[in-house]
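Novice: Just so it is clear, I am handing over upload.cif, which has mmCIF, N, CA and C atoms.
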```cif
data_input
#
loop_
_atom_site.label_atom_id
_atom_site.label_comp_id
_atom_site.auth_asym_id
_atom_site.auth_seq_id
_atom_site.Cartn_x
_atom_site.Cartn_y
_atom_site.Cartn_z
N MET A 26 -180.30 -88.73 -243.81
CA MET A 26 -179.94 -89.69 -242.82
C MET A 26 -180.94 -89.64 -241.68
N SER A 27 -181.20 -90.74 -241.20
CA SER A 27 -182.22 -90.77 -240.16
C SER A 27 -181.59 -90.48 -238.82
N GLN A 28 -182.45 -90.09 -237.93
CA GLN A 28 -182.06 -89.72 -236.58
C GLN A 28 -181.44 -90.93 -235.89
N GLN A 29 -181.96 -92.08 -236.11
CA GLN A 29 -181.45 -93.29 -235.49
C GLN A 29 -180.05 -93.62 -235.98
N THR A 30 -179.82 -93.48 -237.23
CA THR A 30 -178.54 -93.77 -237.79
C THR A 30 -177.51 -92.79 -237.26
N ALA A 31 -177.92 -91.51 -237.15
CA ALA A 31 -177.02 -90.50 -236.63
C ALA A 31 -176.70 -90.78 -235.18
N GLU A 32 -177.68 -91.19 -234.41
CA GLU A 32 -177.46 -91.50 -233.00
C GLU A 32 -176.58 -92.75 -232.87
N ALA A 33 -176.80 -93.72 -233.73
CA ALA A 33 -175.99 -94.94 -233.69
C ALA A 33 -174.55 -94.62 -234.05
N LEU A 34 -174.40 -93.75 -235.07
CA LEU A 34 -173.04 -93.34 -235.44
C LEU A 34 -172.37 -92.56 -234.30
N GLN A 35 -173.13 -91.68 -233.65
CA GLN A 35 -172.61 -90.90 -232.53
C GLN A 35 -172.21 -91.84 -231.39
N ALA A 36 -173.04 -92.83 -231.10
CA ALA A 36 -172.74 -93.77 -230.02
C ALA A 36 -171.50 -94.58 -230.38
N THR A 37 -171.40 -95.00 -231.62
CA THR A 37 -170.23 -95.75 -232.07
C THR A 37 -168.99 -94.88 -231.98
N ARG A 38 -169.15 -93.62 -232.38
CA ARG A 38 -168.02 -92.67 -232.30
C ARG A 38 -167.56 -92.50 -230.86
N GLU A 39 -168.46 -92.32 -229.94
CA GLU A 39 -168.12 -92.14 -228.53
C GLU A 39 -167.47 -93.41 -227.97
N GLN A 40 -168.01 -94.55 -228.39
CA GLN A 40 -167.44 -95.82 -227.93
C GLN A 40 -166.01 -95.98 -228.45
N LEU A 41 -165.81 -95.63 -229.71
CA LEU A 41 -164.45 -95.71 -230.29
C LEU A 41 -163.50 -94.75 -229.60
N GLN A 42 -163.99 -93.52 -229.30
CA GLN A 42 -163.14 -92.54 -228.60
C GLN A 42 -162.76 -93.06 -227.22
N GLU A 43 -163.73 -93.72 -226.54
CA GLU A 43 -163.45 -94.28 -225.22
C GLU A 43 -162.42 -95.41 -225.34
N GLU A 44 -162.56 -96.25 -226.35
CA GLU A 44 -161.60 -97.34 -226.55
C GLU A 44 -160.22 -96.78 -226.91
N ILE A 45 -160.19 -95.69 -227.68
CA ILE A 45 -158.91 -95.04 -228.02
C ILE A 45 -158.26 -94.50 -226.76
N ARG A 46 -159.06 -93.86 -225.89
CA ARG A 46 -158.53 -93.33 -224.62
C ARG A 46 -157.95 -94.48 -223.77
N GLU A 47 -158.70 -95.59 -223.70
CA GLU A 47 -158.22 -96.74 -222.94
C GLU A 47 -156.94 -97.31 -223.56
N ALA A 48 -156.92 -97.36 -224.89
CA ALA A 48 -155.73 -97.87 -225.58
C ALA A 48 -154.53 -96.96 -225.31
N ARG A 49 -154.76 -95.64 -225.33
CA ARG A 49 -153.67 -94.70 -225.02
C ARG A 49 -153.20 -94.86 -223.58
N GLY A 50 -154.14 -95.03 -222.67
CA GLY A 50 -153.77 -95.26 -221.27
C GLY A 50 -152.98 -96.55 -221.12
N THR A 51 -153.44 -97.61 -221.82
CA THR A 51 -152.73 -98.88 -221.78
C THR A 51 -151.34 -98.74 -222.39
N LEU A 52 -151.25 -98.02 -223.50
CA LEU A 52 -149.96 -97.79 -224.15
C LEU A 52 -149.02 -97.02 -223.22
N LYS A 53 -149.58 -96.01 -222.53
CA LYS A 53 -148.78 -95.23 -221.58
C LYS A 53 -148.28 -96.15 -220.45
N ASP A 54 -149.17 -96.99 -219.93
CA ASP A 54 -148.78 -97.94 -218.88
C ASP A 54 -147.70 -98.91 -219.38
N LEU A 55 -147.88 -99.39 -220.61
CA LEU A 55 -146.90 -100.30 -221.19
C LEU A 55 -145.54 -99.63 -221.34
N ARG A 56 -145.55 -98.40 -221.81
CA ARG A 56 -144.28 -97.66 -221.94
C ARG A 56 -143.62 -97.50 -220.58
N HIS A 57 -144.42 -97.21 -219.57
CA HIS A 57 -143.90 -97.07 -218.21
C HIS A 57 -143.29 -98.40 -217.74
N GLU A 58 -143.99 -99.51 -218.01
CA GLU A 58 -143.49 -100.83 -217.62
C GLU A 58 -142.20 -101.18 -218.37
N VAL A 59 -142.16 -100.83 -219.67
CA VAL A 59 -140.95 -101.09 -220.46
C VAL A 59 -139.78 -100.29 -219.88
N ARG A 60 -140.02 -99.02 -219.52
CA ARG A 60 -138.98 -98.18 -218.94
C ARG A 60 -138.48 -98.79 -217.62
N GLU A 61 -139.41 -99.24 -216.78
CA GLU A 61 -139.03 -99.87 -215.52
C GLU A 61 -138.26 -101.17 -215.76
N ALA A 62 -138.70 -101.94 -216.76
CA ALA A 62 -138.00 -103.19 -217.09
C ALA A 62 -136.58 -102.91 -217.55
N ARG A 63 -136.42 -101.87 -218.38
CA ARG A 63 -135.07 -101.51 -218.83
C ARG A 63 -134.20 -101.06 -217.66
N GLN A 64 -134.78 -100.30 -216.75
CA GLN A 64 -134.03 -99.87 -215.57
C GLN A 64 -133.66 -101.08 -214.71
N PHE A 65 -134.59 -102.01 -214.59
CA PHE A 65 -134.34 -103.22 -213.82
C PHE A 65 -133.23 -104.05 -214.46
N ILE A 66 -133.26 -104.17 -215.78
CA ILE A 66 -132.22 -104.90 -216.51
C ILE A 66 -130.86 -104.24 -216.30
N ALA A 67 -130.84 -102.89 -216.38
CA ALA A 67 -129.57 -102.17 -216.16
C ALA A 67 -129.07 -102.41 -214.73
N SER A 68 -129.99 -102.40 -213.76
CA SER A 68 -129.60 -102.65 -212.37
C SER A 68 -129.05 -104.07 -212.21
N ILE A 69 -129.72 -105.03 -212.85
CA ILE A 69 -129.26 -106.42 -212.78
C ILE A 69 -127.88 -106.56 -213.41
N ARG A 70 -127.69 -105.90 -214.56
CA ARG A 70 -126.37 -105.96 -215.21
C ARG A 70 -125.29 -105.38 -214.30
N ASP A 71 -125.60 -104.24 -213.67
CA ASP A 71 -124.63 -103.63 -212.75
C ASP A 71 -124.33 -104.57 -211.58
N LEU A 72 -125.38 -105.18 -211.06
CA LEU A 72 -125.21 -106.10 -209.94
C LEU A 72 -124.37 -107.31 -210.35
N VAL A 73 -124.67 -107.87 -211.51
CA VAL A 73 -123.90 -109.02 -212.01
C VAL A 73 -122.45 -108.63 -212.24
N ALA A 74 -122.24 -107.45 -212.83
CA ALA A 74 -120.86 -106.99 -213.07
C ALA A 74 -120.12 -106.82 -211.75
N THR A 75 -120.79 -106.23 -210.76
CA THR A 75 -120.16 -106.03 -209.46
C THR A 75 -119.84 -107.37 -208.80
N LEU A 76 -120.81 -108.29 -208.85
CA LEU A 76 -120.57 -109.61 -208.25
C LEU A 76 -119.45 -110.34 -208.97
N ALA A 77 -119.45 -110.26 -210.29
CA ALA A 77 -118.38 -110.91 -211.07
C ALA A 77 -117.03 -110.28 -210.74
N GLU A 78 -117.01 -108.96 -210.66
CA GLU A 78 -115.76 -108.26 -210.34
C GLU A 78 -115.28 -108.65 -208.95
N ASP A 79 -116.20 -108.72 -207.99
CA ASP A 79 -115.83 -109.12 -206.63
C ASP A 79 -115.28 -110.55 -206.63
N LYS A 80 -115.94 -111.43 -207.37
CA LYS A 80 -115.50 -112.83 -207.42
C LYS A 80 -114.14 -112.93 -208.09
N VAL A 81 -113.97 -112.23 -209.21
CA VAL A 81 -112.69 -112.26 -209.93
C VAL A 81 -111.60 -111.64 -209.06
N THR A 82 -111.93 -110.54 -208.40
CA THR A 82 -110.95 -109.89 -207.54
C THR A 82 -110.52 -110.83 -206.42
N ALA A 83 -111.48 -111.53 -205.84
CA ALA A 83 -111.14 -112.47 -204.77
C ALA A 83 -110.25 -113.60 -205.29
N VAL A 84 -110.58 -114.13 -206.46
CA VAL A 84 -109.77 -115.21 -207.04
C VAL A 84 -108.36 -114.71 -207.38
N VAL A 85 -108.29 -113.52 -207.99
CA VAL A 85 -106.98 -112.96 -208.35
C VAL A 85 -106.17 -112.67 -207.09
N ASP A 86 -106.80 -112.08 -206.08
CA ASP A 86 -106.08 -111.81 -204.83
C ASP A 86 -105.54 -113.09 -204.20
N ALA A 87 -106.37 -114.13 -204.19
CA ALA A 87 -105.93 -115.40 -203.61
C ALA A 87 -104.76 -115.98 -204.40
N GLU A 88 -104.85 -115.92 -205.73
CA GLU A 88 -103.78 -116.47 -206.57
C GLU A 88 -102.50 -115.66 -206.43
N VAL A 89 -102.62 -114.34 -206.38
CA VAL A 89 -101.43 -113.48 -206.22
C VAL A 89 -100.78 -113.76 -204.87
N THR A 90 -101.59 -113.89 -203.83
CA THR A 90 -101.05 -114.19 -202.49
C THR A 90 -100.31 -115.53 -202.51
N LYS A 91 -100.92 -116.52 -203.15
CA LYS A 91 -100.29 -117.85 -203.24
C LYS A 91 -98.97 -117.78 -204.01
N GLN A 92 -98.98 -117.09 -205.15
CA GLN A 92 -97.78 -116.99 -205.97
C GLN A 92 -96.68 -116.20 -205.24
N LEU A 93 -97.06 -115.15 -204.52
CA LEU A 93 -96.06 -114.38 -203.76
C LEU A 93 -95.45 -115.23 -202.66
N ALA A 94 -96.25 -116.04 -202.01
CA ALA A 94 -95.72 -116.92 -200.97
C ALA A 94 -94.74 -117.92 -201.58
N THR A 95 -95.10 -118.48 -202.72
CA THR A 95 -94.20 -119.42 -203.42
C THR A 95 -92.91 -118.72 -203.82
N LEU A 96 -93.05 -117.52 -204.39
CA LEU A 96 -91.87 -116.76 -204.79
C LEU A 96 -90.99 -116.45 -203.58
N GLY A 97 -91.60 -116.10 -202.47
CA GLY A 97 -90.84 -115.83 -201.25
C GLY A 97 -90.06 -117.05 -200.79
N ASP A 98 -90.71 -118.22 -200.85
CA ASP A 98 -90.02 -119.46 -200.44
C ASP A 98 -88.85 -119.76 -201.37
N VAL A 99 -89.09 -119.66 -202.67
CA VAL A 99 -88.03 -119.95 -203.64
C VAL A 99 -86.89 -118.95 -203.49
N THR A 100 -87.23 -117.68 -203.31
CA THR A 100 -86.21 -116.64 -203.15
C THR A 100 -85.38 -116.89 -201.89
N ALA A 101 -86.04 -117.22 -200.80
CA ALA A 101 -85.32 -117.50 -199.55
C ALA A 101 -84.38 -118.70 -199.73
N GLU A 102 -84.87 -119.73 -200.41
CA GLU A 102 -84.04 -120.92 -200.65
C GLU A 102 -82.81 -120.56 -201.49
N GLN A 103 -83.03 -119.81 -202.57
CA GLN A 103 -81.93 -119.44 -203.45
C GLN A 103 -80.95 -118.51 -202.73
N MET A 104 -81.47 -117.60 -201.92
CA MET A 104 -80.58 -116.71 -201.16
C MET A 104 -79.74 -117.53 -200.19
N GLY A 105 -80.34 -118.53 -199.57
CA GLY A 105 -79.58 -119.40 -198.66
C GLY A 105 -78.47 -120.13 -199.39
N LYS A 106 -78.79 -120.67 -200.58
CA LYS A 106 -77.78 -121.37 -201.37
C LYS A 106 -76.66 -120.42 -201.80
N SER A 107 -77.04 -119.22 -202.27
CA SER A 107 -76.04 -118.24 -202.71
C SER A 107 -75.17 -117.80 -201.56
N THR A 108 -75.77 -117.56 -200.42
CA THR A 108 -75.00 -117.15 -199.24
C THR A 108 -74.02 -118.24 -198.83
N ALA A 109 -74.48 -119.48 -198.84
CA ALA A 109 -73.60 -120.60 -198.48
C ALA A 109 -72.44 -120.70 -199.47
N LYS A 110 -72.71 -120.49 -200.75
CA LYS A 110 -71.66 -120.55 -201.76
C LYS A 110 -70.64 -119.44 -201.55
N VAL A 111 -71.11 -118.22 -201.29
CA VAL A 111 -70.19 -117.09 -201.06
C VAL A 111 -69.35 -117.34 -199.82
N ILE A 112 -69.97 -117.81 -198.77
CA ILE A 112 -69.23 -118.11 -197.53
C ILE A 112 -68.18 -119.18 -197.79
N SER A 113 -68.55 -120.21 -198.56
CA SER A 113 -67.61 -121.28 -198.90
C SER A 113 -66.42 -120.72 -199.67
N GLU A 114 -66.68 -119.83 -200.64
CA GLU A 114 -65.59 -119.24 -201.42
C GLU A 114 -64.67 -118.39 -200.54
N PHE A 115 -65.27 -117.62 -199.63
CA PHE A 115 -64.44 -116.83 -198.72
C PHE A 115 -63.63 -117.72 -197.79
N ASP A 116 -64.22 -118.81 -197.33
CA ASP A 116 -63.47 -119.76 -196.50
C ASP A 116 -62.30 -120.35 -197.28
N ARG A 117 -62.54 -120.69 -198.54
CA ARG A 117 -61.47 -121.22 -199.38
C ARG A 117 -60.38 -120.18 -199.57
N LEU A 118 -60.77 -118.92 -199.84
CA LEU A 118 -59.78 -117.84 -199.99
C LEU A 118 -58.97 -117.67 -198.71
N ARG A 119 -59.65 -117.71 -197.57
CA ARG A 119 -58.94 -117.61 -196.28
C ARG A 119 -57.92 -118.73 -196.14
N ASP A 120 -58.36 -119.95 -196.48
CA ASP A 120 -57.45 -121.09 -196.37
C ASP A 120 -56.26 -120.93 -197.32
N LEU A 121 -56.51 -120.41 -198.52
CA LEU A 121 -55.41 -120.19 -199.47
C LEU A 121 -54.43 -119.15 -198.93
N LEU A 122 -54.97 -118.06 -198.40
CA LEU A 122 -54.11 -116.98 -197.90
C LEU A 122 -53.33 -117.41 -196.67
N LEU A 123 -53.90 -118.25 -195.87
CA LEU A 123 -53.22 -118.70 -194.65
C LEU A 123 -52.31 -119.90 -194.91
N GLY A 124 -52.34 -120.41 -196.13
CA GLY A 124 -51.48 -121.53 -196.46
C GLY A 124 -52.05 -122.87 -196.05
N GLU A 125 -53.29 -122.91 -195.65
CA GLU A 125 -53.91 -124.17 -195.25
C GLU A 125 -54.37 -124.98 -196.46
N GLU A 126 -54.46 -124.32 -197.62
CA GLU A 126 -54.84 -125.02 -198.85
C GLU A 126 -53.81 -124.66 -199.90
N ARG A 127 -53.56 -125.54 -200.81
CA ARG A 127 -52.53 -125.33 -201.82
C ARG A 127 -53.17 -124.96 -203.15
N VAL A 128 -52.46 -124.13 -203.93
CA VAL A 128 -52.91 -123.73 -205.26
C VAL A 128 -52.11 -124.52 -206.27
N ALA A 129 -52.79 -125.10 -207.24
CA ALA A 129 -52.09 -125.84 -208.28
C ALA A 129 -51.76 -124.84 -209.38
N ASP A 130 -50.44 -124.55 -209.56
CA ASP A 130 -50.03 -123.56 -210.57
C ASP A 130 -49.51 -124.25 -211.83
N GLY A 131 -49.79 -125.51 -211.99
CA GLY A 131 -49.36 -126.24 -213.17
C GLY A 131 -48.15 -127.11 -212.89
N ARG A 132 -47.35 -126.78 -211.89
CA ARG A 132 -46.16 -127.57 -211.59
C ARG A 132 -46.38 -128.40 -210.34
N GLU A 133 -46.82 -127.74 -209.31
CA GLU A 133 -47.03 -128.44 -208.04
C GLU A 133 -48.00 -127.61 -207.20
N GLY A 134 -48.60 -128.21 -206.24
CA GLY A 134 -49.50 -127.48 -205.36
C GLY A 134 -48.72 -126.74 -204.30
N ARG A 135 -48.83 -125.43 -204.29
CA ARG A 135 -48.12 -124.63 -203.27
C ARG A 135 -49.10 -123.66 -202.65
N SER A 136 -48.86 -123.26 -201.41
CA SER A 136 -49.73 -122.30 -200.74
C SER A 136 -49.38 -120.90 -201.22
N ILE A 137 -50.28 -119.98 -201.03
CA ILE A 137 -50.04 -118.60 -201.46
C ILE A 137 -48.84 -118.01 -200.72
N PRO A 138 -48.70 -118.22 -199.41
CA PRO A 138 -47.49 -117.70 -198.76
C PRO A 138 -46.20 -118.26 -199.38
N GLU A 139 -46.23 -119.54 -199.78
CA GLU A 139 -45.05 -120.13 -200.43
C GLU A 139 -44.83 -119.49 -201.80
N LEU A 140 -45.91 -119.24 -202.52
CA LEU A 140 -45.79 -118.61 -203.84
C LEU A 140 -45.23 -117.20 -203.70
N LEU A 141 -45.63 -116.49 -202.67
CA LEU A 141 -45.15 -115.11 -202.47
C LEU A 141 -43.67 -115.08 -202.06
N GLN A 142 -43.14 -116.17 -201.60
CA GLN A 142 -41.72 -116.23 -201.23
C GLN A 142 -40.86 -116.70 -202.39
N ASP A 143 -41.44 -117.16 -203.47
CA ASP A 143 -40.69 -117.66 -204.63
C ASP A 143 -40.09 -116.46 -205.37
N PRO A 144 -38.73 -116.38 -205.52
CA PRO A 144 -38.10 -115.24 -206.17
C PRO A 144 -38.55 -115.05 -207.62
N ALA A 145 -38.79 -116.12 -208.34
CA ALA A 145 -39.21 -116.00 -209.74
C ALA A 145 -40.59 -115.36 -209.82
N ILE A 146 -41.47 -115.76 -208.95
CA ILE A 146 -42.83 -115.20 -208.96
C ILE A 146 -42.78 -113.74 -208.52
N LEU A 147 -41.98 -113.43 -207.50
CA LEU A 147 -41.84 -112.04 -207.05
C LEU A 147 -41.27 -111.17 -208.17
N ALA A 148 -40.28 -111.65 -208.88
CA ALA A 148 -39.69 -110.88 -209.98
C ALA A 148 -40.72 -110.66 -211.08
N HIS A 149 -41.47 -111.68 -211.40
CA HIS A 149 -42.50 -111.54 -212.42
C HIS A 149 -43.57 -110.53 -211.97
N ALA A 150 -43.99 -110.58 -210.71
CA ALA A 150 -45.00 -109.65 -210.19
C ALA A 150 -44.48 -108.22 -210.21
N ARG A 151 -43.18 -108.01 -209.87
CA ARG A 151 -42.60 -106.65 -209.89
C ARG A 151 -42.55 -106.13 -211.33
N GLN A 152 -42.16 -107.00 -212.25
CA GLN A 152 -42.07 -106.60 -213.66
C GLN A 152 -43.47 -106.22 -214.18
N ALA A 153 -44.48 -106.99 -213.85
CA ALA A 153 -45.85 -106.69 -214.28
C ALA A 153 -46.32 -105.39 -213.65
N ALA A 154 -45.96 -105.14 -212.40
CA ALA A 154 -46.35 -103.90 -211.73
C ALA A 154 -45.71 -102.70 -212.41
N ARG A 155 -44.41 -102.82 -212.77
CA ARG A 155 -43.73 -101.72 -213.47
C ARG A 155 -44.37 -101.48 -214.83
N ARG A 156 -44.66 -102.54 -215.54
CA ARG A 156 -45.30 -102.41 -216.85
C ARG A 156 -46.67 -101.71 -216.71
N ASN A 157 -47.45 -102.09 -215.72
CA ASN A 157 -48.76 -101.46 -215.49
C ASN A 157 -48.60 -99.98 -215.14
N THR A 158 -47.58 -99.66 -214.34
CA THR A 158 -47.34 -98.27 -213.96
C THR A 158 -46.94 -97.46 -215.17
N THR A 159 -46.07 -98.00 -216.02
CA THR A 159 -45.63 -97.31 -217.23
C THR A 159 -46.81 -97.06 -218.16
N GLU A 160 -47.64 -98.06 -218.36
CA GLU A 160 -48.81 -97.90 -219.24
C GLU A 160 -49.79 -96.89 -218.65
N ALA A 161 -49.94 -96.88 -217.35
CA ALA A 161 -50.84 -95.92 -216.72
C ALA A 161 -50.32 -94.51 -216.86
N ASP A 162 -48.98 -94.34 -216.80
CA ASP A 162 -48.39 -92.99 -216.96
C ASP A 162 -48.57 -92.48 -218.37
N ARG A 163 -48.54 -93.34 -219.36
CA ARG A 163 -48.69 -92.93 -220.76
C ARG A 163 -50.11 -92.43 -221.04
N GLU A 164 -51.08 -92.99 -220.37
CA GLU A 164 -52.47 -92.59 -220.61
C GLU A 164 -52.74 -91.32 -219.90
#
```
Since I need it in another form, could you write the structure as structure tokens?
Specialist:
Amino acid sequence: MSQQTAEALQATREQLQEEIREARGTLKDLRHEVREARQFIASIRDLVATLAEDKVTAVVDAEVTKQLATLGDVTAEQMGKSTAKVISEFDRLRDLLLGEERVADGREGRSIPELLQDPAILAHARQAARRNTTEADRE
């Protein structure tokens, strides 16, 4: 082999080694950039998740607040109706007990005080009371 060919081969070898070093450096830089890109993507995903969670939380909180307010209104309305009904029933009971309203017992409308003065009703009530007492004593 001639000296020139050997020198040309040596120069080519050195040039290739230099290009390999540059390629390795470029590959190292690329790997570093890929790592940073992956970290950036992970950061973006975390940020998007946090923003989405904040947005969803805000929407859910607003909806829950709205629904609770509606429920409170409906509950207050129903409580008012129920209270009025109970008061009305107690007023009716008071009127019955005071004789201001009559009870229809199938024959005629009579007040509770009038019913309590009826000897037949009193006898029936005493008999039922004795029967209840007897049954309670047996148990």
Novice: Expressed in Å to a single decimal, how great is the separation between atom C of Ile146 in chain A and atom N of Leu122 in chain A?
Specialist: 16.4 Å
Novice: Write out as a short mmCIF file (atom, residue, chain, number, x, y, z; two decimals) with N, CA and C atoms, keeping the file's coordinate frame all residues of chain A that DSSP puts in strand (DSSP E or B) for this structure's backbone.
Specialist:
```cif
data_model
loop_
_atom_site.label_atom_id
_atom_site.label_comp_id
_atom_site.auth_asym_id
_atom_site.auth_seq_id
_atom_site.Cartn_x
_atom_site.Cartn_y
_atom_site.Cartn_z
N VAL A 128 -52.46 -124.13 -203.93
CA VAL A 128 -52.91 -123.73 -205.26
C VAL A 128 -52.11 -124.52 -206.27
N ALA A 129 -52.79 -125.10 -207.24
CA ALA A 129 -52.09 -125.84 -208.28
C ALA A 129 -51.76 -124.84 -209.38
N GLY A 134 -48.60 -128.21 -206.24
CA GLY A 134 -49.50 -127.48 -205.36
C GLY A 134 -48.72 -126.74 -204.30
N ARG A 135 -48.83 -125.43 -204.29
CA ARG A 135 -48.12 -124.63 -203.27
C ARG A 135 -49.10 -123.66 -202.65
#
```
Novice: Report the distance between CA of Asp116 in chain A and atom N of Ser136 in chain A in Å, rounded to one decimal place.
Specialist: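 That distance, rounded to one decimal, is 15.8 Å.
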Novice: Using 8 Å of padding on each side, determine the axis-aligned box around all atoms of range 56-60 of chain A present in the file and give its centre and edge lengths in Å to one decimal, as AutoDock Vina command-line options.
Specialist:
```
--center_x -142.0 --center_y -99.1 --center_z -219.8 --size_x 23.1 --size_y 20.1 --size_z 20.3
```
Novice: Can you tell me which residues surround Arg117 in chain A at a distance of at most 12 Å, considering only C-alpha atoms, apart from same-chain residues fewer than 6 positions away, and format the answer as a list in words?
Specialist: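 The neighbour list is Lys110, Val111, Leu123, Gly124, Glu125, Glu126, Arg127, Val128, Ser136 and Ile137 of chain A.
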Novice: Any idea what the distance is between CA of Ala74 in chain A and CA of Gln92 in chain A?
Specialist: 26.1 Å
Novice: If you run DSSP over the backbone, which residues in range 76-151 of chain A end up helix (DSSP H, G or I)? Put them as JSON, numbers by chain.
Specialist: {"A": [76, 77, 78, 79, 80, 81, 82, 83, 84, 85, 86, 87, 88, 89, 90, 91, 92, 93, 94, 95, 96, 97, 98, 99, 100, 101, 102, 103, 104, 105, 106, 107, 108, 109, 110, 111, 112, 113, 114, 115, 116, 117, 118, 119, 120, 121, 122, 123, 137, 138, 139, 140, 141, 142, 144, 145, 146, 147, 148, 149, 150, 151]}
